[in-house]
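Step one of this worksheet: look at the structure below.
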Amino acid sequence: MDALSRLLWGWDARLHAPDQFGRVFVVTGANSGLGAEAALRLAERRATVVMGVRSLADGARAAEAIRARVAGAKLLVAHVDVASFTSVRAFASRVDASFPGGVHALINNAGVLNPPGRPAVTDDGLEVRTFGGGGG
């Protein structure tokens, strides 16, 4: 956070966010962008972070980048495709089994896009929406 932002807002997560040791956070879309940044900031505050990602390879790279910055980061990379009810249910079951004490917060960051060449509905029959980039 730059000096002007600190002056105007007076709050910086790196300085003011409370310790999150013992708390479990699930962050979807945690391999890039806001999801990766959320996972990083939570790891800095000693939270256990479940990184829900569509690509395990991309998730592993993001987790490694966080571990390079945060010694002892507690991260679990797990597959979830938020466009699939089956995938979301399987992910939720894995998280539930891994953390019997429960999850303290869910950061729903992942989105569903309509990539070129793919149908405009999911396998579950839900309409896929395009976000940003001029698509609607």
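The chains in the structure tokens are called A, B, ... from first to last as shown; in each chain the residues are counted from 1, and the ligands are counted from 1 in the order shown.
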
Inset, instruction - Report the residues of stretch 2-68 of chain A whose backbone DSSP state falls under strand (DSSP E), written as JSON, numbers by chain. - result: {"A": [24, 25, 26, 27, 28, 48, 49, 50, 51, 52, 53]}

Just-selected residues, C-alpha atoms written as an mmCIF file, in the first residue's frame:
```
data_model
loop_
_atom_site.group_PDB
_atom_site.id
_atom_site.type_symbol
_atom_site.label_atom_id
_atom_site.label_comp_id
_atom_site.auth_asym_id
_atom_site.auth_seq_id
_atom_site.Cartn_x
_atom_site.Cartn_y
_atom_site.Cartn_z
ATOM 1 C CA VAL A 24 -9.241 -22.484 7.658
ATOM 2 C CA PHE A 25 -10.084 -20.436 4.566
ATOM 3 C CA VAL A 26 -11.202 -21.772 1.196
ATOM 4 C CA VAL A 27 -10.338 -19.575 -1.779
ATOM 5 C CA THR A 28 -11.646 -20.550 -5.218
ATOM 6 C CA THR A 48 -4.561 -22.565 6.558
ATOM 7 C CA VAL A 49 -5.637 -21.946 2.973
ATOM 8 C CA VAL A 50 -7.410 -24.420 0.713
ATOM 9 C CA MET A 51 -6.673 -23.247 -2.806
ATOM 10 C CA GLY A 52 -9.575 -24.374 -4.995
ATOM 11 C CA VAL A 53 -8.378 -24.414 -8.607
#
```

Inset, instruction - Do a neighbour search on A:Asp123 at 9 Å with only C-alpha atoms, toss out local chain neighbours closer than 2 positions, and write the hits as a list in words. - result: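 In the requested format, the answer is Ala83, Ser84, Phe85, Val121, Gly125 and Leu126 of chain A.
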
Using the selection just defined, write its residues with N, CA and C atoms as a short mmCIF file (atom, residue, chain, number, x, y, z; two decimals), in the first residue's frame.
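Done, and the output landed in selection.cif:
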```
data_model
loop_
_atom_site.label_atom_id
_atom_site.label_comp_id
_atom_site.auth_asym_id
_atom_site.auth_seq_id
_atom_site.Cartn_x
_atom_site.Cartn_y
_atom_site.Cartn_z
N ALA A 83 -18.06 -24.80 -12.53
CA ALA A 83 -19.12 -24.96 -13.52
C ALA A 83 -19.76 -26.34 -13.45
N SER A 84 -19.28 -27.18 -12.53
CA SER A 84 -19.78 -28.54 -12.42
C SER A 84 -20.24 -28.84 -11.00
N PHE A 85 -21.52 -29.13 -10.84
CA PHE A 85 -22.03 -29.50 -9.52
C PHE A 85 -21.29 -30.71 -8.97
N VAL A 121 -23.65 -23.75 -22.20
CA VAL A 121 -24.24 -24.28 -20.98
C VAL A 121 -23.28 -25.30 -20.37
N GLY A 125 -26.46 -28.09 -17.23
CA GLY A 125 -27.53 -27.35 -17.88
C GLY A 125 -27.63 -25.89 -17.48
N LEU A 126 -26.60 -25.36 -16.81
CA LEU A 126 -26.62 -23.96 -16.42
C LEU A 126 -26.00 -23.09 -17.51
#
```

Inset, instruction - Using only C-alpha atoms, pick whichever of A:Leu15, A:Val70, A:Ala60, A:Val82 has the shortest atom-to-atom distance to A:Leu40. - result: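 So, comparing all the options, the nearest one is A:Val70.
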
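Coordinates place atom CA of A:Leu56 at a distance of 6.1 Å from atom CA of A:His79.
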
Inset, instruction - Would you list the contacts of A:Ala63 as a PyMOL selection string, taking every protein, DNA or RNA residue within 9 Å and counting only C-alpha atoms, but skipping same-chain residues closer than 4 positions in sequence? - result: chain A and resi 30-31+36+39-40+51+58-59+67-68+73+75-77
